[in-house]
Structures are given as C-alpha cells and as structure tokens.
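J.: I'd like to ask some things about the structure below.
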Amino acid sequence: MKKWTFSLLTLALVLVLAACGNNAKNDNSAAGNTPAAGNDAANTPAATEPVKLVVGATVPHADILKFIAPKLKEEGVELEVREFTDYVQPNVQVFEKQLDANYFQHQPYLDEQNAQNKFDLVSVVGVHVEPMGAYSKKLKSADEIADGAKVAIPNDATNGGRALLLLEKQGLIKLKEDAGIMATKADVTENPKNLKFIEADAAMLPRQLEEVDLALINTNYALEADLNPVEDALFIEDADSPYTNILVSRPDNKDSEAIQKLAKALTSEDVKTFIQDTYKGALVPAF
C-alpha cells in the first residue's frame, strides 16, 4: 500500500514539473525571448554608413569632382562639392574645418597662403595643370602689342609672378635673375614696350578685357568667361608648366581612408580620359 502511495505521489510531482516547464517556455515565446541562434536579425551585420566628404572647388575642378562622385559613392564615400568663385575662402574653410579638402590651387600659391595666414594645409596629390594664357579683345597676336599697352595681371603674389614670367618668356620684359614665382612689377629690369601693368583680382580679369590691351588669365576663370585657352589665347604656358593643381587637406585628415579614396579617384585613368576629352588641351593631366 505504501509503495502504491509513493508511486502516485512521484507521478503527480513529475506532471506538475512538466506543466511548469511548458508554461515557462510559452511565456518566453510570448515575450519574444526566442533563442539568439534562431534570430536572423541578430545575425545580420549592420549596414555601413557612407563617409561624407565636403570639398571646395572652383570651375573646372568642381566638374571633375562631380564626374567622380558616383564612383566614390560605390566605395562608401559621399562627396559634396561646394563651388567658389575666389581663391581665398577655400583655404580658410579647410583650415577652420568647414571643408574637408579643396581642389583649386597649385603648390606655390598654397605655400604663400600658408606663410601669410599661418595655415598648415598640405598637398595630398597633384591632378592637372591649367596653363595660364594671355587674352585680348583688341589684338590678334602678340606681335600687335604696341608701346605703352595696358597689361592686366593677377594681384596675388604667386599668380602675378607667374604672369610676369610668362611675359618674360615671350620676350616682352626681363626680370631680375632671382625673381622667380614671387616676381612683382618692381622686379622688371627691362620693359622695351613700356607696358603699363594693372593688377586686379584674378577672378575679375576676364571683365578687364574691354579696358586693357592684354590680360593674363588663369584657365579656370578663362573657361568661366567662355574663353577657349587653346583657341583664344595669344600665347599660353607650355604643357609642362610646373603649376600642377593639387588636392589639399589638413594634417589631421590627409591620410584618412576617405581622403585617400578621393585622391585615388582623381588620379584614375577615367579622370585622365575625362580631362583630355572634355578640355582638349586647356587642362593637362599631371599624372
């Protein structure tokens, strides 16, 4: 009798424990507490957010950046291009971290801006050369430059010196031997045609063409004014000009993955072909 009683009590205890275990399982399911191994969402890696780069540029640099933007997006870099019409703000805004980088200038200009403004901006990669040209609304060739002609040149140190060096190469003036890229009007030692130099902001030079006999204009501003450097310039720098336009950033982000992807895209074969086909000699790839 005792054995039967003990057996019945044991059976009842087993049934109670089984019921409790089943209820606990049901409670977990109702609460969404399914095992992690069966949770597909838990095993799915989170999508990587694209890295955004904000780059300042003038024309035609901005157009080159826009050309590579889709390719960079495929590589996880979202490129925002901010266009400028001056040579000052792009460097200021990179230094102040309003921009991640800029693309509009050559190394001599960057060196001058760093020294003048106590910037520490750095070159990332060289991309293309924009040969400076001499333009006129009044003359058909350099041979027509008359005595006392008015010649407009950029008023910033490096591009002003660059213009004077180009005039010297054409035999129109002679400069002090050590004048170099920083040459100014004061460095002119011979001026047989008594040229009258007028200094103006580089961006304003195309507008000066009606008032002067000759203007030395950077290619980006020539293109904005619908001037074709290859066809319209009376004379122009050689294709081997040392003034390579560069991608510029800061020491703290120069080696970042996103900036390096941008640099690689700017020096790709696709960009070389784009520059050659689009600008037909007005811009020359430097890589």
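Note on naming: chains are A, B, ... as they come in the structure tokens, residues start from 1 per chain, ligands start from 1 in the order shown.
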Would you mind listing what lies within 8 Å of region 158-162 of chain A as a list in words, with only C-alpha atoms counted and same-chain residues fewer than 4 positions away left out?
T.: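 Result of the neighbour search: Pro108, Tyr109, Glu112, Ile153, Pro154, Leu166, Gly180, Ile181, Met182, Ala183, Thr184 and Glu199 of chain A.
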J.: Go ahead and save the picked residues with all heavy atoms, as a CSV table (one decimal), in the first residue's frame.
T.:
```csv
chain,number,residue,atom,x,y,z
A,108,PRO,N,52.8,76.5,-55.3
A,108,PRO,CA,53.3,77.9,-54.9
A,108,PRO,C,52.3,78.7,-54.2
A,108,PRO,O,52.6,79.5,-53.3
A,108,PRO,CB,53.8,78.4,-56.2
A,108,PRO,CG,54.2,77.3,-57.1
A,108,PRO,CD,53.1,76.2,-56.7
A,109,TYR,N,51.1,78.7,-54.7
A,109,TYR,CA,50.0,79.5,-54.1
A,109,TYR,C,49.7,79.0,-52.7
A,109,TYR,O,49.5,79.8,-51.8
A,109,TYR,CB,48.7,79.5,-55.0
A,109,TYR,CG,47.6,80.3,-54.4
A,109,TYR,CD1,47.6,81.7,-54.6
A,109,TYR,CD2,46.6,79.8,-53.7
A,109,TYR,CE1,46.6,82.5,-54.1
A,109,TYR,CE2,45.6,80.6,-53.1
A,109,TYR,CZ,45.6,82.0,-53.3
A,109,TYR,OH,44.6,82.8,-52.8
A,112,GLU,N,52.4,80.1,-50.3
A,112,GLU,CA,52.2,81.6,-50.0
A,112,GLU,C,51.1,81.8,-49.0
A,112,GLU,O,51.2,82.6,-48.1
A,112,GLU,CB,52.0,82.3,-51.3
A,112,GLU,CG,52.0,83.8,-51.2
A,112,GLU,CD,50.7,84.4,-51.0
A,112,GLU,OE1,49.7,83.8,-51.4
A,112,GLU,OE2,50.6,85.5,-50.4
A,153,ILE,N,47.3,91.8,-64.9
A,153,ILE,CA,47.9,90.6,-64.3
A,153,ILE,C,47.2,90.4,-63.0
A,153,ILE,O,46.7,91.3,-62.3
A,153,ILE,CB,49.4,90.7,-64.2
A,153,ILE,CG1,49.8,91.8,-63.2
A,153,ILE,CG2,50.1,90.9,-65.5
A,153,ILE,CD1,51.3,91.8,-62.8
A,154,PRO,N,47.2,89.1,-62.5
A,154,PRO,CA,46.6,88.8,-61.1
A,154,PRO,C,47.3,89.6,-60.1
A,154,PRO,O,48.6,89.8,-60.1
A,154,PRO,CB,46.8,87.3,-61.0
A,154,PRO,CG,46.9,86.8,-62.4
A,154,PRO,CD,47.7,87.9,-63.1
A,166,LEU,N,55.6,84.5,-67.7
A,166,LEU,CA,55.1,84.2,-69.0
A,166,LEU,C,55.4,85.3,-70.0
A,166,LEU,O,55.8,85.1,-71.1
A,166,LEU,CB,53.6,83.9,-68.9
A,166,LEU,CG,52.9,83.6,-70.3
A,166,LEU,CD1,53.6,82.4,-70.9
A,166,LEU,CD2,51.5,83.3,-70.0
A,180,GLY,N,61.9,84.8,-59.7
A,180,GLY,CA,61.1,83.6,-59.6
A,180,GLY,C,59.6,83.8,-59.6
A,180,GLY,O,59.1,84.8,-60.0
A,181,ILE,N,58.9,82.8,-59.0
A,181,ILE,CA,57.5,82.8,-58.9
A,181,ILE,C,56.9,84.0,-58.1
A,181,ILE,O,55.8,84.4,-58.4
A,181,ILE,CB,56.9,81.5,-58.3
A,181,ILE,CG1,55.4,81.4,-58.4
A,181,ILE,CG2,57.4,81.3,-56.9
A,181,ILE,CD1,54.9,81.4,-59.7
A,182,MET,N,57.7,84.6,-57.2
A,182,MET,CA,57.2,85.7,-56.4
A,182,MET,C,57.6,87.0,-57.0
A,182,MET,O,57.5,88.1,-56.4
A,182,MET,CB,57.8,85.6,-55.0
A,182,MET,CG,57.5,84.3,-54.3
A,182,MET,SD,55.8,84.0,-54.1
A,182,MET,CE,55.3,85.2,-52.9
A,183,ALA,N,57.9,87.1,-58.3
A,183,ALA,CA,58.2,88.3,-59.0
A,183,ALA,C,57.1,89.3,-58.9
A,183,ALA,O,55.9,89.0,-59.0
A,183,ALA,CB,58.6,88.0,-60.5
A,184,THR,N,57.4,90.6,-58.8
A,184,THR,CA,56.5,91.7,-58.9
A,184,THR,C,56.9,92.7,-59.9
A,184,THR,O,58.0,92.6,-60.5
A,184,THR,CB,56.4,92.4,-57.5
A,184,THR,OG1,57.7,93.1,-57.3
A,184,THR,CG2,56.2,91.4,-56.4
A,199,GLU,N,47.1,95.6,-61.9
A,199,GLU,CA,46.9,94.4,-61.1
A,199,GLU,C,45.4,94.4,-60.6
A,199,GLU,O,44.9,95.4,-60.2
A,199,GLU,CB,47.8,94.5,-59.8
A,199,GLU,CG,49.3,94.4,-60.2
A,199,GLU,CD,50.2,94.5,-59.0
A,199,GLU,OE1,50.0,95.5,-58.2
A,199,GLU,OE2,51.1,93.6,-58.8
```
J.: For Ile68 (chain A), work out the shell of residues within 12 Å, counting only C-alpha atoms and skipping chain neighbours fewer than 2 positions away, then give it as a PyMOL selection string.
T.: chain A and resi 61-66+70-75+77-81+261-272+274-275
J.: Could you check which of A:Asn155, A:Gln276, A:Ala134, A:Arg82 is closest to Gln98 (chain A), using only C-alpha atoms?
T.: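 Of A:Asn155, A:Gln276, A:Ala134, A:Arg82, the one nearest Gln98 (chain A), counting only C-alpha atoms, is A:Arg82.
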J.: From a backbone DSSP assignment, name each residue in region 91-248 of chain A labelled helix (DSSP H, G or I), as a short mmCIF file (atom, residue, chain, number, x, y, z; two decimals) with N, CA, C and O atoms, in the first residue's frame.
T.:
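Full text of states-v6.cif as output:
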```
data_model
loop_
_atom_site.label_atom_id
_atom_site.label_comp_id
_atom_site.auth_asym_id
_atom_site.auth_seq_id
_atom_site.Cartn_x
_atom_site.Cartn_y
_atom_site.Cartn_z
N ASN A 91 40.66 77.90 -48.81
CA ASN A 91 41.71 77.57 -47.85
C ASN A 91 41.30 77.92 -46.42
O ASN A 91 41.56 77.16 -45.49
N VAL A 92 40.65 79.05 -46.26
CA VAL A 92 40.17 79.45 -44.93
C VAL A 92 39.24 78.38 -44.37
O VAL A 92 39.37 77.97 -43.21
N GLN A 93 38.34 77.90 -45.20
CA GLN A 93 37.33 76.97 -44.71
C GLN A 93 37.88 75.56 -44.47
O GLN A 93 37.37 74.84 -43.62
N VAL A 94 38.91 75.17 -45.19
CA VAL A 94 39.56 73.89 -44.86
C VAL A 94 40.27 74.02 -43.52
O VAL A 94 40.17 73.14 -42.66
N PHE A 95 40.98 75.12 -43.34
CA PHE A 95 41.70 75.34 -42.09
C PHE A 95 40.75 75.37 -40.90
O PHE A 95 41.04 74.84 -39.82
N GLN A 107 50.87 74.41 -55.90
CA GLN A 107 51.70 74.39 -54.69
C GLN A 107 52.29 75.76 -54.33
O GLN A 107 52.27 76.14 -53.15
N PRO A 108 52.81 76.54 -55.28
CA PRO A 108 53.34 77.86 -54.90
C PRO A 108 52.29 78.75 -54.23
O PRO A 108 52.60 79.47 -53.28
N TYR A 109 51.05 78.69 -54.73
CA TYR A 109 50.01 79.50 -54.10
C TYR A 109 49.71 79.00 -52.69
O TYR A 109 49.54 79.79 -51.76
N LEU A 110 49.64 77.68 -52.52
CA LEU A 110 49.40 77.11 -51.20
C LEU A 110 50.51 77.51 -50.23
O LEU A 110 50.24 77.89 -49.08
N ASP A 111 51.75 77.45 -50.68
CA ASP A 111 52.88 77.83 -49.82
C ASP A 111 52.76 79.28 -49.38
O ASP A 111 52.99 79.60 -48.20
N GLU A 112 52.39 80.13 -50.31
CA GLU A 112 52.25 81.56 -49.99
C GLU A 112 51.11 81.80 -49.01
O GLU A 112 51.23 82.59 -48.06
N GLN A 113 49.99 81.10 -49.19
CA GLN A 113 48.84 81.25 -48.30
C GLN A 113 49.15 80.71 -46.90
O GLN A 113 48.76 81.31 -45.90
N ASN A 114 49.84 79.59 -46.83
CA ASN A 114 50.25 79.03 -45.53
C ASN A 114 51.12 80.01 -44.77
O ASN A 114 50.93 80.24 -43.57
N ALA A 115 52.09 80.60 -45.46
CA ALA A 115 53.01 81.53 -44.81
C ALA A 115 52.30 82.82 -44.39
O ALA A 115 52.52 83.33 -43.29
N GLN A 116 51.43 83.32 -45.25
CA GLN A 116 50.76 84.59 -44.99
C GLN A 116 49.72 84.48 -43.89
O GLN A 116 49.55 85.41 -43.08
N ASN A 117 49.01 83.36 -43.82
CA ASN A 117 47.88 83.23 -42.90
C ASN A 117 48.12 82.27 -41.74
O ASN A 117 47.22 82.01 -40.96
N ALA A 142 50.48 88.45 -80.50
CA ALA A 142 51.41 89.14 -79.60
C ALA A 142 52.22 90.19 -80.36
O ALA A 142 52.69 91.17 -79.77
N ASP A 143 52.38 90.01 -81.66
CA ASP A 143 53.15 90.97 -82.47
C ASP A 143 52.48 92.34 -82.52
O ASP A 143 53.12 93.34 -82.85
N GLU A 144 51.18 92.40 -82.23
CA GLU A 144 50.44 93.66 -82.30
C GLU A 144 50.50 94.47 -81.01
O GLU A 144 49.94 95.56 -80.94
N ALA A 157 50.29 87.19 -55.09
CA ALA A 157 51.74 87.11 -55.28
C ALA A 157 52.18 86.04 -56.28
O ALA A 157 52.94 86.32 -57.20
N THR A 158 51.70 84.83 -56.12
CA THR A 158 52.21 83.75 -56.97
C THR A 158 51.70 83.83 -58.40
O THR A 158 52.46 83.63 -59.35
N ASN A 159 50.42 84.14 -58.61
CA ASN A 159 49.90 84.21 -59.96
C ASN A 159 50.35 85.47 -60.68
O ASN A 159 50.49 85.48 -61.91
N GLY A 160 50.60 86.54 -59.92
CA GLY A 160 51.17 87.75 -60.52
C GLY A 160 52.57 87.47 -61.03
O GLY A 160 52.94 87.84 -62.15
N GLY A 161 53.37 86.77 -60.21
CA GLY A 161 54.70 86.40 -60.64
C GLY A 161 54.68 85.45 -61.82
O GLY A 161 55.50 85.54 -62.74
N ARG A 162 53.73 84.55 -61.82
CA ARG A 162 53.58 83.59 -62.91
C ARG A 162 53.29 84.32 -64.22
O ARG A 162 53.84 83.98 -65.28
N ALA A 163 52.43 85.35 -64.16
CA ALA A 163 52.11 86.13 -65.35
C ALA A 163 53.34 86.87 -65.87
O ALA A 163 53.59 86.92 -67.09
N LEU A 164 54.11 87.45 -64.97
CA LEU A 164 55.32 88.17 -65.39
C LEU A 164 56.34 87.23 -66.01
O LEU A 164 57.01 87.58 -66.99
N LEU A 165 56.45 86.02 -65.45
CA LEU A 165 57.37 85.03 -66.03
C LEU A 165 56.94 84.63 -67.44
O LEU A 165 57.78 84.41 -68.33
N LEU A 166 55.63 84.55 -67.66
CA LEU A 166 55.14 84.21 -68.99
C LEU A 166 55.44 85.34 -69.98
O LEU A 166 55.83 85.09 -71.13
N LEU A 167 55.28 86.59 -69.53
CA LEU A 167 55.60 87.74 -70.38
C LEU A 167 57.10 87.76 -70.70
O LEU A 167 57.50 88.09 -71.83
N GLU A 168 57.91 87.40 -69.71
CA GLU A 168 59.35 87.35 -69.94
C GLU A 168 59.69 86.27 -70.97
O GLU A 168 60.55 86.47 -71.84
N LYS A 169 59.03 85.13 -70.89
CA LYS A 169 59.29 84.03 -71.82
C LYS A 169 58.97 84.44 -73.25
O LYS A 169 59.58 83.94 -74.21
N GLY A 180 61.92 84.81 -59.75
CA GLY A 180 61.14 83.58 -59.61
C GLY A 180 59.64 83.80 -59.56
O GLY A 180 59.12 84.82 -60.02
N ILE A 181 58.94 82.82 -58.96
CA ILE A 181 57.48 82.83 -58.91
C ILE A 181 56.92 84.01 -58.13
O ILE A 181 55.80 84.45 -58.36
N MET A 182 57.71 84.58 -57.22
CA MET A 182 57.22 85.69 -56.41
C MET A 182 57.55 87.04 -57.04
O MET A 182 57.50 88.08 -56.38
N LYS A 185 56.11 93.72 -60.09
CA LYS A 185 56.44 94.77 -61.07
C LYS A 185 57.80 95.40 -60.76
O LYS A 185 58.52 95.83 -61.67
N ALA A 186 58.15 95.43 -59.48
CA ALA A 186 59.43 96.02 -59.08
C ALA A 186 60.63 95.21 -59.56
O ALA A 186 61.76 95.72 -59.57
N ASP A 187 60.38 93.96 -59.95
CA ASP A 187 61.47 93.10 -60.42
C ASP A 187 61.71 93.20 -61.92
O ASP A 187 62.59 92.54 -62.47
N ALA A 202 42.27 87.96 -59.60
CA ALA A 202 42.30 87.01 -60.71
C ALA A 202 40.92 86.74 -61.29
O ALA A 202 40.77 86.60 -62.52
N ALA A 203 39.91 86.69 -60.44
CA ALA A 203 38.56 86.39 -60.90
C ALA A 203 37.98 87.53 -61.74
O ALA A 203 37.05 87.31 -62.54
N MET A 204 38.51 88.75 -61.58
CA MET A 204 37.97 89.90 -62.29
C MET A 204 38.65 90.13 -63.64
O MET A 204 38.17 90.94 -64.45
N LEU A 205 39.72 89.45 -63.93
CA LEU A 205 40.50 89.74 -65.14
C LEU A 205 39.71 89.58 -66.45
O LEU A 205 39.88 90.40 -67.36
N PRO A 206 38.84 88.56 -66.59
CA PRO A 206 38.07 88.49 -67.84
C PRO A 206 37.23 89.74 -68.09
O PRO A 206 37.03 90.14 -69.25
N ARG A 207 36.78 90.38 -67.02
CA ARG A 207 35.98 91.60 -67.17
C ARG A 207 36.82 92.81 -67.55
O ARG A 207 36.29 93.84 -67.97
N GLN A 208 38.13 92.68 -67.38
CA GLN A 208 39.03 93.79 -67.70
C GLN A 208 39.39 93.82 -69.19
O GLN A 208 40.02 94.78 -69.65
N LEU A 209 39.01 92.80 -69.93
CA LEU A 209 39.43 92.70 -71.32
C LEU A 209 38.99 93.88 -72.19
O LEU A 209 39.67 94.23 -73.16
N GLU A 210 37.86 94.51 -71.85
CA GLU A 210 37.39 95.66 -72.63
C GLU A 210 38.21 96.91 -72.32
O GLU A 210 38.23 97.85 -73.13
N THR A 219 43.34 79.68 -66.27
CA THR A 219 42.44 78.92 -67.13
C THR A 219 41.05 78.75 -66.55
O THR A 219 40.06 78.81 -67.29
N ASN A 220 40.95 78.54 -65.23
CA ASN A 220 39.60 78.34 -64.68
C ASN A 220 38.72 79.56 -64.90
O ASN A 220 37.54 79.44 -65.23
N TYR A 221 39.28 80.75 -64.76
CA TYR A 221 38.49 81.97 -64.98
C TYR A 221 38.28 82.23 -66.47
O TYR A 221 37.26 82.80 -66.87
N ALA A 222 39.22 81.81 -67.30
CA ALA A 222 39.03 81.92 -68.75
C ALA A 222 37.85 81.06 -69.19
O ALA A 222 36.99 81.49 -69.97
N LEU A 223 37.80 79.82 -68.69
CA LEU A 223 36.71 78.92 -69.06
C LEU A 223 35.36 79.47 -68.60
O LEU A 223 34.36 79.37 -69.33
N GLU A 224 35.32 80.05 -67.40
CA GLU A 224 34.06 80.63 -66.90
C GLU A 224 33.59 81.76 -67.80
O GLU A 224 32.38 82.02 -67.91
N PRO A 229 41.17 78.44 -73.96
CA PRO A 229 42.61 78.69 -73.86
C PRO A 229 43.41 78.25 -75.08
O PRO A 229 44.37 78.89 -75.48
N VAL A 230 43.00 77.16 -75.70
CA VAL A 230 43.72 76.63 -76.85
C VAL A 230 43.52 77.51 -78.08
O VAL A 230 44.45 77.76 -78.86
N GLU A 231 42.31 78.02 -78.25
CA GLU A 231 41.98 78.78 -79.46
C GLU A 231 42.08 80.29 -79.27
O GLU A 231 42.44 81.01 -80.22
N ASP A 232 41.75 80.79 -78.08
CA ASP A 232 41.63 82.24 -77.89
C ASP A 232 42.87 82.92 -77.32
O ASP A 232 43.02 84.14 -77.46
#
```
J.: So how far away is CA of Asp120 (chain A) from CA of Met132 (chain A), in Å?
T.: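 Answer for the CA of Met132 (chain A) to CA of Asp120 (chain A) separation: 26.6 Å.
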J.: Expressed in Å to a single decimal, how great is the separation between CA of Tyr243 (chain A) and CA of Gln105 (chain A)?
T.: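 Here the two named atoms are 8.5 Å from each other.
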J.: Can you work out which one of A:Leu99, A:Gln170, A:Val127, A:Asp213 has the shortest atom-to-atom distance to Asp147 (chain A), counting only C-alpha atoms?
T.: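 Checking each candidate against Asp147 (chain A), we get A:Asp213 as the closest.
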J.: Within region 46-76 of chain A, find each residue whose DSSP state, derived from the backbone, is strand (DSSP E or B), and express the selection as a list in words.
T.: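 Residues meeting the strand (DSSP E or B) criterion: Val51, Lys52, Leu53, Val54, Val55, Gly56 and Ala57 of chain A.
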J.: Could you check the closest approach to Gln260 (chain A) for each of A:Thr278, A:Leu247, A:Phe287, A:Val212 and tell me which residue wins, using only C-alpha atoms?
T.: A:Leu247
J.: Just the residues within 12 Å of Lys97 (chain A), please, counting only C-alpha atoms, with nothing from its chain fewer than 5 positions along; format it as a PDB file with N, CA and C atoms, in the first residue's frame.
T.:
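Final file, around.pdb:
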```
ATOM      1  N   LEU A  53      32.363  63.548 -47.459  1.00  0.00           N
ATOM      2  CA  LEU A  53      33.459  64.491 -47.655  1.00  0.00           C
ATOM      3  C   LEU A  53      32.902  65.757 -48.293  1.00  0.00           C
ATOM      4  N   VAL A  54      33.227  66.899 -47.728  1.00  0.00           N
ATOM      5  CA  VAL A  54      32.817  68.180 -48.283  1.00  0.00           C
ATOM      6  C   VAL A  54      34.072  68.852 -48.846  1.00  0.00           C
ATOM      7  N   VAL A  55      34.067  69.067 -50.153  1.00  0.00           N
ATOM      8  CA  VAL A  55      35.261  69.575 -50.832  1.00  0.00           C
ATOM      9  C   VAL A  55      34.931  70.872 -51.557  1.00  0.00           C
ATOM     10  N   GLY A  56      35.748  71.898 -51.330  1.00  0.00           N
ATOM     11  CA  GLY A  56      35.576  73.174 -52.002  1.00  0.00           C
ATOM     12  C   GLY A  56      36.358  73.206 -53.303  1.00  0.00           C
ATOM     13  N   GLN A  89      38.591  81.892 -49.770  1.00  0.00           N
ATOM     14  CA  GLN A  89      37.741  81.145 -48.854  1.00  0.00           C
ATOM     15  C   GLN A  89      37.973  79.629 -48.843  1.00  0.00           C
ATOM     16  N   PRO A  90      38.287  78.996 -49.971  1.00  0.00           N
ATOM     17  CA  PRO A  90      38.501  77.545 -49.899  1.00  0.00           C
ATOM     18  C   PRO A  90      39.587  77.132 -48.908  1.00  0.00           C
ATOM     19  N   ASN A  91      40.661  77.900 -48.813  1.00  0.00           N
ATOM     20  CA  ASN A  91      41.713  77.574 -47.847  1.00  0.00           C
ATOM     21  C   ASN A  91      41.296  77.917 -46.422  1.00  0.00           C
ATOM     22  N   VAL A  92      40.648  79.053 -46.260  1.00  0.00           N
ATOM     23  CA  VAL A  92      40.171  79.451 -44.932  1.00  0.00           C
ATOM     24  C   VAL A  92      39.243  78.383 -44.373  1.00  0.00           C
ATOM     25  N   ASN A 102      40.104  70.917 -50.359  1.00  0.00           N
ATOM     26  CA  ASN A 102      39.781  71.757 -51.504  1.00  0.00           C
ATOM     27  C   ASN A 102      40.631  71.355 -52.696  1.00  0.00           C
ATOM     28  N   PHE A 119      48.493  79.113 -41.912  1.00  0.00           N
ATOM     29  CA  PHE A 119      47.809  77.845 -42.136  1.00  0.00           C
ATOM     30  C   PHE A 119      48.838  76.711 -42.099  1.00  0.00           C
ATOM     31  N   LEU A 121      48.031  73.816 -44.107  1.00  0.00           N
ATOM     32  CA  LEU A 121      47.391  72.941 -45.078  1.00  0.00           C
ATOM     33  C   LEU A 121      48.440  72.186 -45.883  1.00  0.00           C
ATOM     34  N   SER A 249      44.328  69.224 -48.126  1.00  0.00           N
ATOM     35  CA  SER A 249      43.583  68.958 -46.894  1.00  0.00           C
ATOM     36  C   SER A 249      44.423  69.385 -45.701  1.00  0.00           C
ATOM     37  N   ARG A 250      44.107  68.841 -44.545  1.00  0.00           N
ATOM     38  CA  ARG A 250      44.819  69.190 -43.305  1.00  0.00           C
ATOM     39  C   ARG A 250      45.690  68.008 -42.859  1.00  0.00           C
ATOM     40  N   PRO A 251      46.663  68.256 -41.994  1.00  0.00           N
ATOM     41  CA  PRO A 251      47.475  67.154 -41.478  1.00  0.00           C
ATOM     42  C   PRO A 251      46.644  66.110 -40.740  1.00  0.00           C
ATOM     43  N   ASP A 252      45.534  66.523 -40.108  1.00  0.00           N
ATOM     44  CA  ASP A 252      44.760  65.587 -39.302  1.00  0.00           C
ATOM     45  C   ASP A 252      43.882  64.649 -40.133  1.00  0.00           C
ATOM     46  N   ASN A 253      43.643  64.974 -41.420  1.00  0.00           N
ATOM     47  CA  ASN A 253      42.795  64.077 -42.215  1.00  0.00           C
ATOM     48  C   ASN A 253      43.436  63.655 -43.536  1.00  0.00           C
TER      49      ASN A 253
END
```
J.: By how many Å are CA of Asp240 (chain A) and CA of Tyr135 (chain A) apart?
T.: 20.1 Å
J.: Show which residues sit within 10 Å of Pro192 (chain A), as a PyMOL selection string. Count only C-alpha atoms, and ignore same-chain residues fewer than 4 positions away.
T.: chain A and resi 147-148+171-174
